[in-house]
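Novice: File start-v6.cif follows (mmCIF, C-alpha atoms and all ligand atoms):
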data_target
loop_
_atom_site.label_atom_id
_atom_site.label_comp_id
_atom_site.auth_asym_id
_atom_site.auth_seq_id
_atom_site.Cartn_x
_atom_site.Cartn_y
_atom_site.Cartn_z
CA MET N 1 93.44 127.46 71.29
CA GLU N 2 94.63 130.50 73.18
CA ILE N 3 95.36 131.21 76.84
CA SER N 4 95.38 134.92 77.60
CA THR N 5 95.52 135.43 73.79
CA VAL N 6 98.69 133.37 73.50
CA ASP N 7 98.47 130.47 71.04
CA VAL N 8 99.32 127.25 72.87
CA ARG N 9 100.89 125.81 69.71
CA TYR N 10 103.36 128.67 69.81
CA LEU N 11 104.09 127.82 73.47
CA LYS N 12 104.76 124.22 72.46
CA GLU N 13 107.22 125.40 69.78
CA LYS N 14 108.97 127.69 72.19
CA TYR N 15 109.09 125.60 75.36
CA GLY N 16 108.28 122.00 74.37
CA THR N 17 106.00 119.60 76.19
CA PRO N 18 104.98 118.58 78.77
CA LEU N 19 104.45 122.16 79.80
CA TYR N 20 102.67 123.78 82.73
CA ILE N 21 100.94 126.99 81.66
CA TYR N 22 99.54 129.59 84.07
CA ASP N 23 97.15 132.38 83.20
CA VAL N 24 98.35 135.28 85.33
CA ALA N 25 95.11 137.29 85.01
CA HIS N 26 93.21 134.31 86.40
CA LEU N 27 95.65 133.93 89.30
CA LYS N 28 95.27 137.59 90.14
CA ARG N 29 91.48 137.45 89.87
CA ASN N 30 91.40 134.64 92.41
CA MET N 31 93.73 136.41 94.81
CA GLU N 32 91.93 139.72 94.47
CA GLY N 33 88.55 138.01 94.88
CA TYR N 34 89.43 136.57 98.26
CA LEU N 35 91.07 139.79 99.39
CA LYS N 36 87.99 141.76 98.38
CA TYR N 37 85.29 139.59 99.91
CA PHE N 38 87.05 138.26 102.99
CA LYS N 39 86.70 141.56 104.86
CA SER N 40 84.95 142.75 108.01
CA ASN N 41 84.33 146.01 109.82
CA GLU N 42 84.44 144.20 113.15
CA PHE N 43 87.90 142.62 113.01
CA GLU N 44 91.00 142.39 110.82
CA THR N 45 91.20 139.76 108.11
CA GLU N 46 94.11 138.08 106.38
CA VAL N 47 94.21 135.81 103.33
CA LEU N 48 97.18 133.45 103.15
CA PHE N 49 98.19 131.59 100.03
CA ALA N 50 98.94 127.96 100.96
CA SER N 51 102.13 127.69 98.97
CA LYS N 52 102.23 123.87 99.05
CA ALA N 53 99.73 124.00 96.18
CA PHE N 54 102.29 125.67 93.93
CA SER N 55 105.50 127.00 95.38
CA VAL N 56 107.62 128.73 92.77
CA LYS N 57 109.13 132.17 93.09
CA GLU N 58 107.01 133.77 90.41
CA VAL N 59 103.65 132.89 91.94
CA LEU N 60 104.93 133.96 95.37
CA ARG N 61 106.08 137.24 93.90
CA ILE N 62 102.60 137.81 92.49
CA ALA N 63 100.99 136.84 95.82
CA LYS N 64 103.27 139.29 97.60
CA GLU N 65 102.38 142.11 95.22
CA GLU N 66 98.68 141.36 95.54
CA GLY N 67 98.95 141.74 99.32
CA MET N 68 98.44 138.11 100.26
CA SER N 69 100.10 136.48 103.23
CA LEU N 70 101.72 133.05 103.03
CA ASP N 71 101.51 129.57 104.50
CA VAL N 72 104.76 127.58 104.35
CA VAL N 73 105.38 124.10 105.76
CA SER N 74 109.08 123.52 105.30
CA MET N 75 112.45 125.17 105.06
CA GLY N 76 112.18 124.72 101.30
CA GLU N 77 108.92 126.64 101.00
CA LEU N 78 110.21 129.27 103.42
CA TYR N 79 113.45 129.62 101.47
CA THR N 80 111.54 130.08 98.21
CA ALA N 81 109.42 132.80 99.81
CA LEU N 82 112.42 134.63 101.23
CA LYS N 83 114.06 134.57 97.80
CA VAL N 84 111.32 136.90 96.54
CA ASP N 85 111.58 139.02 99.69
CA PHE N 86 108.18 137.92 100.88
CA PRO N 87 107.59 140.04 104.01
CA LYS N 88 108.53 137.76 106.93
CA ASP N 89 105.76 139.09 109.14
CA ARG N 90 103.20 137.84 106.61
CA ILE N 91 104.52 134.26 106.69
CA TYR N 92 102.87 131.55 108.78
CA PHE N 93 104.95 128.45 109.43
CA HIS N 94 102.93 125.21 109.58
CA GLY N 95 103.73 121.53 109.96
CA ASN N 96 103.42 118.71 112.45
CA ASN N 97 107.13 117.90 112.63
CA LYS N 98 109.19 121.00 112.04
CA THR N 99 112.82 120.28 112.76
CA ILE N 100 114.75 122.10 115.48
CA GLU N 101 116.80 123.73 112.70
CA GLU N 102 113.64 124.95 110.99
CA LEU N 103 112.22 126.33 114.24
CA GLU N 104 115.50 128.03 115.18
CA TYR N 105 115.80 129.58 111.76
CA ALA N 106 112.18 130.78 111.68
CA ILE N 107 112.44 132.30 115.15
CA SER N 108 115.83 133.87 114.49
CA ILE N 109 114.65 135.66 111.35
CA GLY N 110 111.44 136.80 113.08
CA ILE N 111 108.87 134.95 111.01
CA GLY N 112 105.29 136.21 111.41
CA ILE N 113 103.66 133.29 113.16
CA ILE N 114 104.47 129.69 113.96
CA VAL N 115 101.42 127.45 113.97
CA VAL N 116 102.28 125.00 116.73
CA ASP N 117 101.03 121.50 116.11
CA ASN N 118 101.80 119.71 119.34
CA LEU N 119 103.10 119.86 122.90
CA MET N 120 106.62 118.66 122.09
CA GLU N 121 106.94 121.34 119.44
CA LEU N 122 105.93 123.96 121.98
CA TYR N 123 108.60 122.73 124.41
CA ALA N 124 111.15 123.03 121.61
CA ILE N 125 109.99 126.59 120.90
CA ASP N 126 110.13 127.34 124.64
CA GLU N 127 113.81 126.34 124.69
CA ILE N 128 114.73 128.08 121.45
CA THR N 129 113.16 131.41 122.42
CA LYS N 130 115.09 131.38 125.69
CA LYS N 131 118.34 130.31 124.05
CA LEU N 132 118.09 133.01 121.37
CA SER N 133 116.35 135.57 123.61
CA LYS N 134 113.88 136.03 120.79
CA SER N 135 110.12 136.21 120.99
CA ILE N 136 107.71 134.50 118.61
CA ARG N 137 104.01 134.76 117.94
CA ILE N 138 102.18 131.47 117.80
CA LEU N 139 98.83 129.92 117.02
CA ILE N 140 97.88 126.50 118.31
CA ARG N 141 96.63 124.09 115.67
CA MET N 142 93.42 122.54 116.95
CA ASN N 143 91.90 119.29 115.90
CA VAL N 144 88.33 120.58 115.96
CA GLY N 145 86.89 117.15 115.26
CA VAL N 146 85.39 118.14 111.93
CA GLU N 147 86.48 115.73 109.26
CA ALA N 148 85.68 116.71 105.71
CA HIS N 149 86.19 114.69 102.59
CA THR N 150 85.01 116.51 99.50
CA HIS N 151 81.21 116.20 99.66
CA LYS N 152 80.80 114.78 103.16
CA PHE N 153 81.80 115.95 106.57
CA ILE N 154 81.47 114.49 110.03
CA VAL N 155 81.63 116.33 113.33
CA THR N 156 83.33 114.86 116.42
CA SER N 157 85.31 112.22 114.64
CA HIS N 158 88.86 111.91 113.57
CA VAL N 159 90.30 112.17 117.09
CA ASP N 160 93.43 110.39 115.90
CA SER N 161 94.43 112.86 113.20
CA LYS N 162 98.16 113.47 112.97
CA PHE N 163 97.42 117.21 112.99
CA GLY N 164 96.66 119.45 115.92
CA VAL N 165 95.58 119.02 119.53
CA LEU N 166 92.16 118.25 120.95
CA TYR N 167 90.40 120.93 122.94
CA ASN N 168 90.76 120.42 126.70
CA SER N 169 93.03 117.42 126.29
CA GLU N 170 95.92 117.10 128.74
CA ASP N 171 98.31 118.27 126.01
CA TYR N 172 96.17 121.32 125.32
CA LYS N 173 96.07 122.31 129.01
CA GLU N 174 99.81 121.80 129.37
CA MET N 175 100.41 123.96 126.29
CA LEU N 176 98.56 126.86 127.91
CA GLU N 177 100.72 126.39 131.04
CA VAL N 178 103.96 126.48 129.01
CA ILE N 179 102.76 129.64 127.27
CA LYS N 180 101.89 131.33 130.58
CA LYS N 181 105.39 130.79 131.93
CA ASN N 182 107.31 132.11 128.94
CA PRO N 183 106.76 135.77 128.05
CA LEU N 184 108.77 135.27 124.85
CA ILE N 185 105.97 133.08 123.49
CA LYS N 186 103.21 135.41 122.33
CA PHE N 187 100.10 133.30 122.14
CA LYS N 188 97.79 134.82 119.50
CA GLY N 189 95.05 132.25 118.92
CA PHE N 190 94.05 129.12 117.07
CA HIS N 191 94.24 127.43 113.72
CA SER N 192 92.32 124.59 112.13
CA HIS N 193 92.28 123.00 108.69
CA ILE N 194 89.67 120.34 108.04
CA GLY N 195 90.55 118.95 104.61
CA SER N 196 90.85 119.79 100.96
CA GLN N 197 88.59 120.07 97.90
CA ILE N 198 85.55 120.50 100.19
CA PHE N 199 82.22 121.49 98.67
CA ASP N 200 80.12 121.77 101.80
CA LEU N 201 80.10 125.24 103.28
CA ASN N 202 78.58 123.81 106.46
CA ALA N 203 81.82 121.95 107.16
CA PHE N 204 83.74 125.24 107.30
CA LYS N 205 81.00 126.86 109.37
CA ALA N 206 81.14 123.97 111.83
CA ALA N 207 84.90 124.27 112.14
CA LEU N 208 84.75 128.02 112.63
CA GLU N 209 82.04 127.66 115.26
CA LYS N 210 84.26 125.23 117.14
CA LEU N 211 87.11 127.75 117.14
CA LEU N 212 84.78 130.59 118.16
CA ASN N 213 83.57 128.50 121.10
CA ILE N 214 87.11 127.99 122.33
CA THR N 215 87.78 131.74 122.27
CA LYS N 216 85.12 132.24 124.96
CA GLU N 217 87.55 131.35 127.70
CA PHE N 218 90.08 134.03 126.72
CA ASP N 219 89.67 137.63 127.77
CA PHE N 220 91.76 139.13 124.97
CA PRO N 221 91.06 139.25 121.22
CA LEU N 222 92.31 136.18 119.38
CA VAL N 223 93.54 135.42 115.88
CA LEU N 224 91.54 132.59 114.31
CA ASN N 225 92.79 130.89 111.19
CA ILE N 226 90.38 128.43 109.61
CA GLY N 227 92.71 127.01 106.99
CA GLY N 228 91.98 126.31 103.35
CA GLY N 229 90.29 123.49 101.48
CA PHE N 230 87.82 125.33 99.24
CA ALA N 231 86.84 123.16 96.28
CA VAL N 232 87.48 123.92 92.61
CA HIS N 233 86.01 122.76 89.30
CA TYR N 234 87.91 119.84 87.77
CA THR N 235 85.05 118.34 85.76
CA ASP N 236 81.36 119.14 85.42
CA GLU N 237 80.68 116.80 88.35
CA ASP N 238 82.16 119.51 90.57
CA LYS N 239 80.03 122.41 91.72
CA PRO N 240 82.30 124.46 93.96
CA ILE N 241 80.98 127.32 96.06
CA PRO N 242 82.17 130.64 94.61
CA PHE N 243 84.84 132.29 96.74
CA ASP N 244 82.77 135.39 97.39
CA ILE N 245 80.07 133.25 99.02
CA VAL N 246 82.61 131.24 101.03
CA SER N 247 84.31 134.42 102.19
CA LYS N 248 81.15 136.33 103.08
CA THR N 249 79.60 133.36 104.88
CA LEU N 250 82.60 132.82 107.12
CA ILE N 251 82.80 136.50 107.94
CA GLU N 252 79.08 136.52 108.79
CA VAL N 253 79.41 133.49 111.09
CA ALA N 254 82.18 135.25 113.01
CA GLU N 255 80.35 138.60 113.13
CA GLU N 256 77.17 136.90 114.40
CA ALA N 257 79.16 135.20 117.15
CA LEU N 258 80.59 138.57 118.19
CA LYS N 259 77.10 140.02 118.46
CA LYS N 260 75.63 137.15 120.44
CA THR N 261 78.45 136.46 122.88
CA ASN N 262 81.17 138.51 124.46
CA ILE N 263 84.01 136.88 122.58
CA LYS N 264 86.71 138.99 121.00
CA ILE N 265 88.44 138.47 117.68
CA GLU N 266 91.52 140.36 116.63
CA LYS N 267 91.76 138.77 113.21
CA LEU N 268 90.19 136.07 111.06
CA CYS N 269 92.37 134.26 108.52
CA ILE N 270 91.85 131.78 105.69
CA GLU N 271 94.54 130.01 103.72
CA PRO N 272 93.36 128.77 100.33
CA GLY N 273 95.90 127.00 98.11
CA ARG N 274 94.09 125.00 95.46
CA SER N 275 91.35 127.56 94.83
CA ILE N 276 93.94 130.24 94.07
CA VAL N 277 96.01 128.33 91.53
CA ALA N 278 94.19 125.21 90.28
CA GLU N 279 91.92 126.66 87.60
CA ALA N 280 94.56 129.13 86.44
CA GLY N 281 96.79 126.23 85.42
CA TYR N 282 96.88 123.97 82.34
CA THR N 283 99.17 121.15 81.28
CA LEU N 284 100.09 120.74 77.65
CA TYR N 285 101.25 117.37 76.29
CA THR N 286 102.10 115.90 72.91
CA ILE N 287 100.24 112.77 71.93
CA GLY N 288 102.54 110.00 70.74
CA PHE N 289 101.38 106.51 69.99
CA MET N 290 97.87 105.17 70.27
CA LYS N 291 96.71 101.67 70.97
CA LYS N 292 93.51 99.66 70.95
CA THR N 293 93.08 96.78 73.39
CA PRO N 294 89.99 94.54 73.43
CA ASN N 295 88.06 96.92 75.69
CA LYS N 296 89.95 100.18 75.56
CA GLU N 297 91.58 102.76 73.38
CA TYR N 298 94.69 104.50 74.64
CA TYR N 299 96.20 107.85 73.71
CA PHE N 300 99.73 108.02 75.10
CA ILE N 301 101.13 111.39 76.19
CA ASP N 302 104.69 112.53 76.80
CA GLY N 303 104.09 113.17 80.52
CA GLY N 304 101.90 111.47 83.09
CA MET N 305 102.07 110.68 86.78
CA THR N 306 105.43 112.42 87.03
CA ASP N 307 103.80 115.79 86.33
CA ASN N 308 100.35 114.96 87.73
CA ILE N 309 100.24 112.30 90.43
CA ARG N 310 96.68 113.17 91.49
CA PRO N 311 94.76 110.67 89.32
CA ALA N 312 96.98 107.81 90.54
CA LEU N 313 96.99 108.96 94.15
CA TYR N 314 93.41 110.15 94.65
CA GLN N 315 91.54 108.90 91.58
CA ALA N 316 91.24 112.59 90.72
CA LYS N 317 89.33 113.41 87.54
CA TYR N 318 90.28 115.91 84.85
CA ASP N 319 88.90 117.27 81.59
CA CYS N 320 90.93 117.65 78.43
CA ASP N 321 90.84 118.70 74.79
CA ILE N 322 92.91 118.15 71.69
CA VAL N 323 94.28 121.53 70.70
CA GLY N 324 92.68 122.78 67.51
CA LYS N 325 90.03 120.06 67.59
CA GLU N 326 87.95 121.46 70.46
CA ASN N 327 84.92 121.84 68.22
CA GLU N 328 85.23 118.55 66.35
CA GLU N 329 82.85 115.75 67.10
CA LYS N 330 83.96 113.71 70.12
CA THR N 331 83.70 110.27 68.58
CA GLU N 332 86.24 108.44 70.76
CA VAL N 333 86.19 107.32 74.37
CA VAL N 334 89.82 106.98 75.34
CA THR N 335 92.19 106.50 78.23
CA ILE N 336 94.92 109.09 78.43
CA ALA N 337 98.00 107.29 79.69
CA GLY N 338 101.44 108.56 80.58
CA LYS N 339 104.81 107.12 79.68
CA CYS N 340 105.82 105.67 83.05
CA CYS N 341 106.41 101.98 83.63
CA GLU N 342 103.42 101.80 85.90
CA SER N 343 99.94 100.52 85.00
CA GLY N 344 98.39 103.17 87.23
CA ASP N 345 99.96 105.95 85.19
CA LEU N 346 96.66 107.12 83.74
CA ILE N 347 95.73 110.77 83.60
CA ILE N 348 92.12 110.43 82.42
CA GLU N 349 89.87 107.41 81.95
CA GLY N 350 86.90 107.66 79.63
CA ALA N 351 87.91 110.94 78.02
CA ARG N 352 85.59 111.92 75.16
CA LEU N 353 87.73 113.24 72.33
CA PRO N 354 87.86 113.49 68.55
CA LYS N 355 90.20 111.14 66.71
CA ALA N 356 93.79 112.14 67.38
CA ALA N 357 96.86 111.96 65.20
CA ILE N 358 100.41 111.48 66.37
CA GLY N 359 101.86 114.87 67.27
CA ASP N 360 98.53 116.39 68.29
CA LEU N 361 98.61 118.46 71.46
CA LEU N 362 96.49 117.45 74.43
CA ILE N 363 95.62 120.02 77.07
CA THR N 364 94.36 119.15 80.56
CA TYR N 365 92.50 121.73 82.61
CA THR N 366 92.65 122.75 86.28
CA THR N 367 96.14 121.38 86.83
CA GLY N 368 97.54 124.45 88.59
CA ALA N 369 97.44 123.04 92.12
CA TYR N 370 99.44 120.09 93.45
CA GLY N 371 100.70 119.26 89.96
CA TYR N 372 104.10 120.87 89.70
CA SER N 373 104.45 120.83 93.49
CA MET N 374 103.94 117.05 93.63
CA SER N 375 105.89 116.26 90.48
CA SER N 376 108.64 113.64 90.56
CA ASN N 377 111.55 112.35 88.55
CA TYR N 378 110.24 108.78 88.48
CA ASN N 379 111.70 106.91 85.51
CA LYS N 380 114.03 109.88 85.41
CA ALA N 381 111.43 112.05 83.74
CA LEU N 382 112.55 115.67 83.48
CA THR N 383 110.50 118.17 85.46
CA PRO N 384 108.60 120.20 82.84
CA ALA N 385 108.97 123.92 82.34
CA VAL N 386 106.44 126.33 83.83
CA VAL N 387 105.38 129.27 81.70
CA PHE N 388 103.22 132.22 82.73
CA VAL N 389 101.10 134.13 80.22
CA GLU N 390 99.71 137.60 80.70
CA ASP N 391 98.28 140.17 78.29
CA GLY N 392 99.33 138.19 75.25
CA LYS N 393 102.89 137.72 76.50
CA ASP N 394 104.58 134.59 77.78
CA TYR N 395 107.49 134.29 80.16
CA LEU N 396 109.30 131.43 81.76
CA ALA N 397 108.85 130.87 85.50
CA VAL N 398 110.74 127.58 85.67
CA ARG N 399 112.80 126.19 82.83
CA ARG N 400 112.68 122.52 81.92
CA GLN N 401 115.10 120.33 83.83
CA THR N 402 118.04 119.05 81.80
CA LEU N 403 119.51 115.56 81.73
CA ASP N 404 122.65 116.85 83.40
CA GLU N 405 120.61 118.43 86.19
CA LEU N 406 118.91 115.12 86.68
CA ILE N 407 122.14 113.50 87.80
CA GLU N 408 124.17 116.46 89.01
CA ARG N 409 123.75 115.56 92.68
CA GLU N 410 124.75 111.96 92.15
CA VAL N 411 128.25 111.66 93.61
N1 LIG F 501 96.29 125.06 105.23
C1 LIG F 501 96.76 123.89 105.69
C2 LIG F 501 97.21 123.80 107.08
C3 LIG F 501 96.82 122.77 104.85
O1 LIG F 501 97.26 121.63 105.33
C4 LIG F 501 96.39 122.90 103.50
C5 LIG F 501 96.45 121.76 102.60
C6 LIG F 501 95.93 124.15 103.05
C7 LIG F 501 95.89 125.21 103.95
C8 LIG F 501 95.46 124.39 101.64
O2 LIG F 501 94.41 123.59 101.26
P1 LIG F 501 93.73 123.82 99.81
O3 LIG F 501 93.05 125.17 99.83
O4 LIG F 501 94.82 123.78 98.82
O5 LIG F 501 92.79 122.69 99.69
N2 LIG F 501 97.84 117.01 97.70
C9 LIG F 501 96.40 117.06 97.89
C10 LIG F 501 95.99 118.21 98.76
C11 LIG F 501 96.66 118.19 100.12
C12 LIG F 501 96.28 119.39 100.92
C13 LIG F 501 97.12 119.48 102.15
N3 LIG F 501 96.89 120.63 102.94
C14 LIG F 501 95.73 117.13 96.52
O6 LIG F 501 96.43 117.17 95.50
O7 LIG F 501 94.51 117.10 96.43
#
Output the file's structure as structure tokens, nothing else.
Ligand code: LLP

Specialist:
Amino acid sequence: MEISTVDVRYLKEKYGTPLYIYDVAHLKRNMEGYLKYFKSNEFETEVLFASKAFSVKEVLRIAKEEGMSLDVVSMGELYTALKVDFPKDRIYFHGNNKTIEELEYAISIGIGIIVVDNLMELYAIDEITKKLSKSIRILIRMNVGVEAHTHKFIVTSHVDSKFGVLYNSEDYKEMLEVIKKNPLIKFKGFHSHIGSQIFDLNAFKAALEKLLNITKEFDFPLVLNIGGGFAVHYTDEDKPIPFDIVSKTLIEVAEEALKKTNIKIEKLCIEPGRSIVAEAGYTLYTIGFMKKTPNKEYYFIDGGMTDNIRPALYQAKYDCDIVGKENEEKTEVVTIAGKCCESGDLIIEGARLPKAAIGDLLITYTTGAYGYSMSSNYNKALTPAVVFVEDGKDYLAVRRQTLDELIEREV
């Protein structure tokens, strides 16, 4: 099996397993796709990469070069971005509980935009801007009342979300008052994010329409950021909407609204994370022991929930193959289990595979998002290496953690 014409067996020899592998051409195709189709003649557009999906310097460097902007949610993600000289004015700082230190730092370095989650945060920003005599551009994160969970969405629910403020709530009104009184706070518009791995385009349309409605009461052009959440293909059960359709539809909804009403938009933004990196990523494991129980057959791999927590946390499903046996008859129905002391440490249940032998390589697909970024050292597992492949060449983005690194902070 090859990824970008690089033999994965060679990657195993060179870097060991478990190993995260990214196909750079695929990453770039996704980034370029959004940048190409999310465009309008009526207003500016901006595509942000939600770095929580996969925040390592190399992918941020590629995003920067491709002309993407960035969503960060912590000092750590911001720090990583600054280490590759990501242009500060293209960074949006999110989060419901940014610390005072984070806010002071972001404002002092002149970060592009802070997406303000709540009234208390705005009061903190009010103080910091005055203390530092520094201005900052902000969006207000709205809870637009659209709750989306993969295939379903509900409008006017979810009033108790931990994210954002409700339109016309007391907090919302007070926020506008705070903004009016402080010329250092440059209010630019609104943000919303309704969920992740969402298949229903209507959910995004509904959210955008809610934001467009709010803009009616402002007499200057606003920036509207409708977040990310666009679904990807994990298994054949998933039929995601192609990014060109998502992009064009959202642009059309906004352009229609401009025609019909007298609202003004300066810029429309989206911030996909998963749909940029998920399908470009693979995880390679070595199969160790195998076991039959009365009702099940297990293949054990040398990683597990420490490199991919999603099956345990969300019952997420994945597809896999045994390297070199992709075309063999799939005679077995097996459970792929990791090596953690945890019964829930299962990567795939009911995987259809050929018979494996100890030492075979197992590859799981679509692991590029929220895999590495949610990895842990549970059972003192070492964080795997991350390798990028492009045009037949491989290069290391993150080297495997060592045993010494595992305990180096233990005093
Ligand atoms: N913007 C905001 C404000 C977000 O909170 C998120 C994701 C995104 C953008 C990007 O969403 P995406 O395009 O990646 O769906 N750990 C979970 C996903 C959590 C998503 C949190 N927010 C998972 O592994 O499925």

Novice: Within 7 Å of ligand LIG 501 (chain F), counting all atoms listed in the file, which protein or nucleic acid residues do you find, written as a list in words?

Specialist: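 So the residues close to ligand LIG 501 (chain F) are Ala50, Ala53, Asp71, His94, His193, Gly195, Ser196, Gln197, Gly227, Gly228, Gly229, Phe230, Ala231, Glu271, Pro272, Gly273, Arg274, Ser275, Arg310, Ala369 and Tyr370 of chain N.
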
Novice: If you measure from CA of Glu349 in chain N to CA of Lys12 in chain N, what distance in Å do you get, rounded to one decimal?

Specialist: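 Computing it gives 24.4 Å between the two atoms.
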
Novice: Please compute the CA of Lys339 in chain N-CA of Glu326 in chain N distance, one decimal, in Å.

Specialist: 24.0 Å

Novice: Given all atoms listed in the file as the basis, pick out the residue of N:Glu42, N:Asp404, N:Asp7, N:Glu77 nearest to Glu256 in chain N.

Specialist: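 With all atoms listed in the file as the atom set, the closest residue is N:Glu42.
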
Novice: Between CA of Ala312 in chain N and CA of Ser376 in chain N, measure the distance and give it in Å to one decimal.

Specialist: 13.0 Å
